[in-house]
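Report on the following structure.
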Amino acid sequence: MIDSYLNSVNLNSNQIFPYLCMDVQKGKSVPEPPGFHVMHWHEDFQFIYVYTGKLFLHTLDQTRIIHENSGVFINKNIVHLVLASEDCHYKSFLFPKQLVSFYTGGPALRYVDIISECEQISCLLLEKSVSWQKDILELLVKLSGLESQRTEFYEYEILVFLSQLWLILIKNIKTPHTIVTDDVKKRMQLFLKYIELHYAEELSLDELARCAGVSKSECLRCFKFSMQTTPYQYLTEYRLLKASELLVNTELSMGEISNSVGFNSQSHFGKMFKLKTKLTPLNYRKVHTKNSNMLKNR
């Protein structure tokens with residue numbers, strides 16, 4: 001089912017050391033990923049540490065709030081969306097499971113799969129009031145410190161900290177034995193799948209609600225509950241994301257891109273795109289095509 005959503009790829013996934021630490025302050029991220037907020041998933045584990053402000057983690061069935069000096073673990077392949085308060089400063093750490101599995105076919109892999117293969121473990125809030133969670137948070141702070149004071153042993157130090165972190169996790173996290181179904185989660189899967197298939201068309205709230213066999217008010221409630229947004233706002237964000245991909249990866253004209261992602265007018269598309277990215281579509285194409293070419297030539 002996750003194939004229905006955007007696969008957000010780790011910016012370092014093609015590097016020899018596929019570990020990524022992102023520093024996000026007041027909406028600005030270093031390094032800078034695509035800035036569109038839609039539900040996505042990735043094949044990496046993700047840990048987040050919040051220094052200041054609040055973070056809002058939306059999954060298909062609920063919303064969690066992460067306060068300052070706290071954190072969260074997000075399992076691989078979990079469909080989610082991370083939004084932050086305007087004053088929020090947080091660090092995000094992403095890495096594939098091989099970095100804590102030691103080597104292919106080794107015994108450590110089963111200790112990784114205990115968590116990674118458990119669909120009921122979607123995410124876990126980390127609070128300093130819980131002793132073992134406090135230990136993980138302290139390791140995240142140490143990982144953060146390595147970014148500003150890199151030594152010649154940087155990669156090895158990262159691996160040591162990640163191994164310590166994972167050991168604490170598997171010693172303390174409890175694997176659920178029962179599967180709980182959730183109506184909102186099921187409906188959101190249908191809504192988002194429908195948008196993924198029909199975003200280029202004129203979509204009405206009636207059509208969207210019908211795809212899950214619910215009323216318009218229930219459709220609105222599901223989006224508000226699980227994502228703190230409306231179907232229209234999510235659809236617009238998704239269309240802008242798809243437009244950004246076409247801008248970078250094709251030579252289609254602005255009019256062709258506008259039409260192909262569902263905007264009725266090119267001027268409205270341009271206005272919404274600039275409102276979101278602070279760049280016109282043409283400037284976005286120039287900037288991001290250049291950056292893409294630079295990465296390919298490294």
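Each chain in the structure tokens gets a letter, A, B, ..., in the order shown, and its residues are numbered from 1; ligands are numbered from 1 in order too.
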Could you give me, as a PyMOL selection string, the residues within 9 Å of Met254 in chain A, counting only C-alpha atoms and dropping anything in the same chain fewer than 3 positions from it?
chain A and resi 247+257-259+266+269-270+281-282
File of the preceding selection, all heavy atoms, as an mmCIF file, in the first residue's frame:
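Written output follows (part26.cif):
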```cif
data_model
loop_
_atom_site.group_PDB
_atom_site.id
_atom_site.type_symbol
_atom_site.label_atom_id
_atom_site.label_comp_id
_atom_site.auth_asym_id
_atom_site.auth_seq_id
_atom_site.Cartn_x
_atom_site.Cartn_y
_atom_site.Cartn_z
ATOM 1 N N LEU A 247 9.331 20.091 -13.578
ATOM 2 C CA LEU A 247 10.203 21.229 -13.865
ATOM 3 C C LEU A 247 11.671 20.804 -13.930
ATOM 4 O O LEU A 247 12.429 21.279 -14.771
ATOM 5 C CB LEU A 247 10.021 22.314 -12.796
ATOM 6 C CG LEU A 247 8.749 23.148 -12.886
ATOM 7 C CD1 LEU A 247 8.540 23.933 -11.595
ATOM 8 C CD2 LEU A 247 8.785 24.096 -14.083
ATOM 9 N N ILE A 257 3.020 21.951 -18.039
ATOM 10 C CA ILE A 257 3.138 21.440 -16.674
ATOM 11 C C ILE A 257 1.915 21.815 -15.855
ATOM 12 O O ILE A 257 1.360 20.988 -15.127
ATOM 13 C CB ILE A 257 4.422 21.981 -16.015
ATOM 14 C CG1 ILE A 257 5.648 21.342 -16.678
ATOM 15 C CG2 ILE A 257 4.416 21.716 -14.514
ATOM 16 C CD1 ILE A 257 6.966 21.883 -16.185
ATOM 17 N N SER A 258 1.481 23.060 -15.999
ATOM 18 C CA SER A 258 0.300 23.534 -15.273
ATOM 19 C C SER A 258 -0.905 22.643 -15.561
ATOM 20 O O SER A 258 -1.608 22.195 -14.647
ATOM 21 C CB SER A 258 0.003 24.985 -15.654
ATOM 22 O OG SER A 258 -1.210 25.416 -15.095
ATOM 23 N N ASN A 259 -1.142 22.372 -16.831
ATOM 24 C CA ASN A 259 -2.288 21.541 -17.221
ATOM 25 C C ASN A 259 -2.144 20.101 -16.762
ATOM 26 O O ASN A 259 -3.113 19.464 -16.336
ATOM 27 C CB ASN A 259 -2.469 21.581 -18.743
ATOM 28 C CG ASN A 259 -2.942 22.935 -19.239
ATOM 29 O OD1 ASN A 259 -3.615 23.667 -18.511
ATOM 30 N ND2 ASN A 259 -2.589 23.279 -20.470
ATOM 31 N N GLN A 266 -2.453 28.878 -15.965
ATOM 32 C CA GLN A 266 -1.010 28.971 -15.750
ATOM 33 C C GLN A 266 -0.682 30.051 -14.734
ATOM 34 O O GLN A 266 0.241 29.912 -13.942
ATOM 35 C CB GLN A 266 -0.300 29.253 -17.077
ATOM 36 C CG GLN A 266 1.220 29.255 -16.961
ATOM 37 C CD GLN A 266 1.889 29.484 -18.308
ATOM 38 O OE1 GLN A 266 1.319 29.181 -19.355
ATOM 39 N NE2 GLN A 266 3.099 30.028 -18.291
ATOM 40 N N PHE A 269 -1.285 28.733 -11.288
ATOM 41 C CA PHE A 269 -0.202 27.791 -10.983
ATOM 42 C C PHE A 269 1.051 28.553 -10.562
ATOM 43 O O PHE A 269 1.681 28.240 -9.546
ATOM 44 C CB PHE A 269 0.082 26.920 -12.203
ATOM 45 C CG PHE A 269 1.416 26.212 -12.159
ATOM 46 C CD1 PHE A 269 1.710 25.307 -11.155
ATOM 47 C CD2 PHE A 269 2.386 26.469 -13.130
ATOM 48 C CE1 PHE A 269 2.940 24.662 -11.113
ATOM 49 C CE2 PHE A 269 3.609 25.836 -13.093
ATOM 50 C CZ PHE A 269 3.888 24.930 -12.082
ATOM 51 N N GLY A 270 1.432 29.569 -11.341
ATOM 52 C CA GLY A 270 2.619 30.346 -11.034
ATOM 53 C C GLY A 270 2.528 31.034 -9.685
ATOM 54 O O GLY A 270 3.498 31.076 -8.920
ATOM 55 N N PRO A 281 8.174 29.266 -11.182
ATOM 56 C CA PRO A 281 8.472 27.939 -11.744
ATOM 57 C C PRO A 281 9.729 27.936 -12.603
ATOM 58 O O PRO A 281 10.535 26.995 -12.532
ATOM 59 C CB PRO A 281 7.218 27.631 -12.566
ATOM 60 C CG PRO A 281 6.128 28.368 -11.872
ATOM 61 C CD PRO A 281 6.763 29.643 -11.403
ATOM 62 N N LEU A 282 9.919 28.996 -13.397
ATOM 63 C CA LEU A 282 11.088 29.059 -14.271
ATOM 64 C C LEU A 282 12.383 29.132 -13.463
ATOM 65 O O LEU A 282 13.368 28.441 -13.757
ATOM 66 C CB LEU A 282 10.981 30.263 -15.209
ATOM 67 C CG LEU A 282 12.089 30.402 -16.262
ATOM 68 C CD1 LEU A 282 12.139 29.166 -17.157
ATOM 69 C CD2 LEU A 282 11.864 31.662 -17.097
#
```
Where does DSSP see alpha helix (DSSP H) in range 190-295 of chain A, if you list the residues as a ChimeraX atom specification?
/A:190-198,205-211,216-227,231-249,254-260,266-277,281-295
Every residue of range 18-244 of chain A that DSSP places in strand (DSSP E or B), as number ranges by chain:
A: 20-25, 28-30, 40-41, 45-52, 55-59, 63-66, 70-74, 80-84, 89-95, 123-126
Please tabulate, as CSV, the residues of range 121-225 of chain A that come within 10 Å of range 78-88 of chain A, each with its closest pair of atoms and the distance in Å to one decimal, counting only C-alpha atoms and ordering rows by chain, then residue number upward.
```
residue,atom,partner,partner_atom,distance
A:Ile121,CA,A:Ile78,CA,9.1
A:Ser122,CA,A:Ile78,CA,6.0
A:Cys123,CA,A:Ile78,CA,8.2
A:Gln189,CA,A:Val79,CA,9.7
```
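The residue set within 8 Å of Phe47 in chain A, counting only C-alpha atoms and dropping same-chain residues fewer than 4 places from it, reads Gly71, Val72, Phe73, Ile74, Ser92, Phe93, Leu94 and Leu140 of chain A.
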Need the shell around Glu245 in chain A: protein/DNA/RNA residues with any atom at most 10 Å away, counting only C-alpha atoms. Skip same-chain ones fewer than 3 positions apart. Format as a compact mmCIF listing (two decimals) with all heavy atoms, in the first residue's frame?
```
# COMPACT_ATOMS: atom_id res chain seq x y z
N PRO A 34 13.46 18.69 -0.97
CA PRO A 34 12.29 19.32 -1.60
C PRO A 34 11.35 19.85 -0.51
O PRO A 34 11.10 19.17 0.47
CB PRO A 34 11.64 18.17 -2.38
CG PRO A 34 12.76 17.22 -2.62
CD PRO A 34 13.65 17.31 -1.41
N LEU A 240 1.63 20.70 -6.60
CA LEU A 240 2.85 21.50 -6.66
C LEU A 240 4.09 20.60 -6.61
O LEU A 240 5.09 20.86 -7.30
CB LEU A 240 2.88 22.52 -5.52
CG LEU A 240 1.85 23.65 -5.61
CD1 LEU A 240 1.88 24.48 -4.33
CD2 LEU A 240 2.11 24.54 -6.82
N LEU A 241 4.02 19.56 -5.80
CA LEU A 241 5.13 18.61 -5.74
C LEU A 241 5.35 17.96 -7.11
O LEU A 241 6.48 17.87 -7.60
CB LEU A 241 4.85 17.54 -4.69
CG LEU A 241 5.82 16.35 -4.68
CD1 LEU A 241 7.20 16.79 -4.27
CD2 LEU A 241 5.30 15.25 -3.78
N LYS A 242 4.27 17.49 -7.73
CA LYS A 242 4.38 16.84 -9.04
C LYS A 242 4.90 17.84 -10.09
O LYS A 242 5.67 17.48 -10.98
CB LYS A 242 3.03 16.27 -9.45
CG LYS A 242 2.61 15.05 -8.64
CD LYS A 242 3.61 13.94 -8.80
CE LYS A 242 3.24 12.70 -8.02
NZ LYS A 242 4.25 11.62 -8.17
N VAL A 248 12.06 19.91 -13.04
CA VAL A 248 13.46 19.50 -12.95
C VAL A 248 13.80 18.39 -13.95
O VAL A 248 14.88 18.35 -14.52
CB VAL A 248 13.80 19.04 -11.52
CG1 VAL A 248 15.22 18.50 -11.43
CG2 VAL A 248 13.63 20.19 -10.53
N ASN A 249 12.84 17.49 -14.18
CA ASN A 249 13.15 16.28 -14.94
C ASN A 249 12.67 16.29 -16.39
O ASN A 249 12.91 15.32 -17.12
CB ASN A 249 12.55 15.06 -14.23
CG ASN A 249 13.13 14.88 -12.84
OD1 ASN A 249 14.33 15.00 -12.63
ND2 ASN A 249 12.27 14.59 -11.87
N THR A 250 11.94 17.34 -16.82
CA THR A 250 11.46 17.41 -18.20
C THR A 250 11.73 18.80 -18.76
O THR A 250 12.15 19.72 -18.04
CB THR A 250 9.95 17.13 -18.30
OG1 THR A 250 9.21 18.28 -17.84
CG2 THR A 250 9.55 15.91 -17.49
N ILE A 257 3.02 21.95 -18.04
CA ILE A 257 3.14 21.44 -16.67
C ILE A 257 1.91 21.81 -15.85
O ILE A 257 1.36 20.99 -15.13
CB ILE A 257 4.42 21.98 -16.01
CG1 ILE A 257 5.65 21.34 -16.68
CG2 ILE A 257 4.42 21.72 -14.51
CD1 ILE A 257 6.97 21.88 -16.18
N ARG A 285 13.18 25.82 -11.84
CA ARG A 285 13.78 24.90 -12.82
C ARG A 285 15.28 25.19 -12.97
O ARG A 285 16.10 24.28 -12.96
CB ARG A 285 13.07 25.01 -14.16
CG ARG A 285 13.80 24.32 -15.31
CD ARG A 285 13.00 24.39 -16.59
NE ARG A 285 12.03 23.29 -16.65
CZ ARG A 285 11.08 23.19 -17.59
NH1 ARG A 285 10.96 24.16 -18.51
NH2 ARG A 285 10.27 22.16 -17.60
N HIS A 288 17.22 24.25 -9.48
CA HIS A 288 17.27 22.84 -9.09
C HIS A 288 17.84 21.95 -10.18
O HIS A 288 18.41 20.90 -9.88
CB HIS A 288 15.88 22.37 -8.66
CG HIS A 288 15.47 22.93 -7.32
ND1 HIS A 288 15.73 22.30 -6.14
CD2 HIS A 288 14.86 24.10 -6.99
CE1 HIS A 288 15.29 23.03 -5.14
NE2 HIS A 288 14.75 24.13 -5.62
```
Quick one: everything within 12 Å of Glu157 in chain A, counting only C-alpha atoms, minus sequence neighbours fewer than 2 positions away in the same chain. Send it as a CSV table (one decimal) with N, CA and C atoms, in the first residue's frame.
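Ended up saving to selection.csv:
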```csv
chain,number,residue,atom,x,y,z
A,139,LEU,N,22.2,10.2,23.1
A,139,LEU,CA,23.0,9.8,21.9
A,139,LEU,C,22.7,10.6,20.7
A,142,LYS,N,24.7,13.7,20.9
A,142,LYS,CA,26.1,13.4,20.5
A,142,LYS,C,26.2,13.2,19.0
A,143,LEU,N,25.3,12.6,18.4
A,143,LEU,CA,25.3,12.5,16.9
A,143,LEU,C,25.3,13.8,16.2
A,144,SER,N,24.4,14.7,16.8
A,144,SER,CA,24.4,16.1,16.3
A,144,SER,C,25.7,16.8,16.4
A,145,GLY,N,26.4,16.6,17.6
A,145,GLY,CA,27.6,17.3,17.8
A,145,GLY,C,28.7,16.9,16.8
A,146,LEU,N,28.6,15.6,16.3
A,146,LEU,CA,29.6,15.1,15.4
A,146,LEU,C,29.6,15.9,14.1
A,147,GLU,N,28.4,16.5,13.7
A,147,GLU,CA,28.3,17.2,12.5
A,147,GLU,C,29.1,18.5,12.5
A,149,GLN,N,31.8,19.0,14.6
A,149,GLN,CA,33.1,18.8,14.9
A,149,GLN,C,33.6,17.4,14.3
A,150,ARG,N,33.6,17.4,13.0
A,150,ARG,CA,33.9,16.1,12.4
A,150,ARG,C,35.4,15.8,12.5
A,151,THR,N,35.7,14.6,12.8
A,151,THR,CA,37.1,14.1,12.9
A,151,THR,C,37.4,13.2,11.8
A,152,GLU,N,38.6,12.7,11.7
A,152,GLU,CA,38.9,11.7,10.6
A,152,GLU,C,38.2,10.4,10.9
A,153,PHE,N,37.6,10.2,12.0
A,153,PHE,CA,37.0,9.0,12.4
A,153,PHE,C,35.4,9.1,12.4
A,154,TYR,N,35.0,10.2,11.7
A,154,TYR,CA,33.5,10.6,11.7
A,154,TYR,C,32.6,9.4,11.4
A,155,GLU,N,32.8,8.7,10.3
A,155,GLU,CA,31.9,7.6,9.9
A,155,GLU,C,31.9,6.5,11.0
A,159,LEU,N,28.7,5.1,13.4
A,159,LEU,CA,28.3,3.7,13.5
A,159,LEU,C,28.3,3.2,14.9
A,160,VAL,N,29.2,3.6,15.7
A,160,VAL,CA,29.3,3.2,17.1
A,160,VAL,C,28.0,3.8,17.8
A,161,PHE,N,27.7,5.1,17.6
A,161,PHE,CA,26.6,5.7,18.3
A,161,PHE,C,25.3,5.0,17.8
A,162,LEU,N,25.2,4.8,16.5
A,162,LEU,CA,23.9,4.2,16.0
A,162,LEU,C,23.7,2.8,16.6
A,163,SER,N,24.8,2.0,16.7
A,163,SER,CA,24.7,0.7,17.3
A,163,SER,C,24.3,0.7,18.8
A,164,GLN,N,24.8,1.7,19.5
A,164,GLN,CA,24.4,1.9,20.9
A,164,GLN,C,22.9,2.2,21.0
```
Skipping near chain neighbours, those fewer than 4 positions away, what residues fall within 8 Å of Val112 in chain A using only C-alpha atoms, listed as a list in words?
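These residues fall inside the cut-off: Lys97, Val100, Ser101, Ala108, Ser116, Trp166 and Ile170 of chain A.
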Given only C-alpha atoms as the basis, pick out the residue of A:Lys91, A:His268, A:Arg187, A:Lys286 nearest to Ser244 in chain A.
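Looking only at the distances to Ser244 in chain A, the closest residue turns out to be A:Lys286.
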Near His89 in chain A, counting only C-alpha atoms, which residues have an atom at most 8 Å away, once you skip same-chain residues fewer than 2 positions from it, shown as a list of chain:residue names?
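With the cut-off at 8 Å, the set is A:Asp23, A:Val24, A:Gln25, A:Lys26, A:Val50, A:Tyr51, A:Thr52, A:Gly53, A:Asp87, A:Lys91.
Remark: for Gln98 in chain A, the closest of the candidate residues A:Cys219, A:His67, A:Asp44, A:Val184 is A:Asp44 (distances computed over only C-alpha atoms).
For the choices A:Ala212, A:His40, A:Val261, A:Leu57, the atom-to-atom distance to Lys185 in chain A is smallest for A:Ala212 when using only C-alpha atoms.
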For Glu119 in chain A, which residue out of A:Asn77, A:Gly27, A:Glu256, A:Phe263 is the nearest one, using only C-alpha atoms?
A:Asn77
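Across the structure, CA of Lys128 in chain A and CA of Asn69 in chain A are spaced 7.6 Å apart.
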In Å, how far is it from CA of Thr289 in chain A to CA of Tyr232 in chain A?
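CA of Tyr232 in chain A lies 28.8 Å from CA of Thr289 in chain A.
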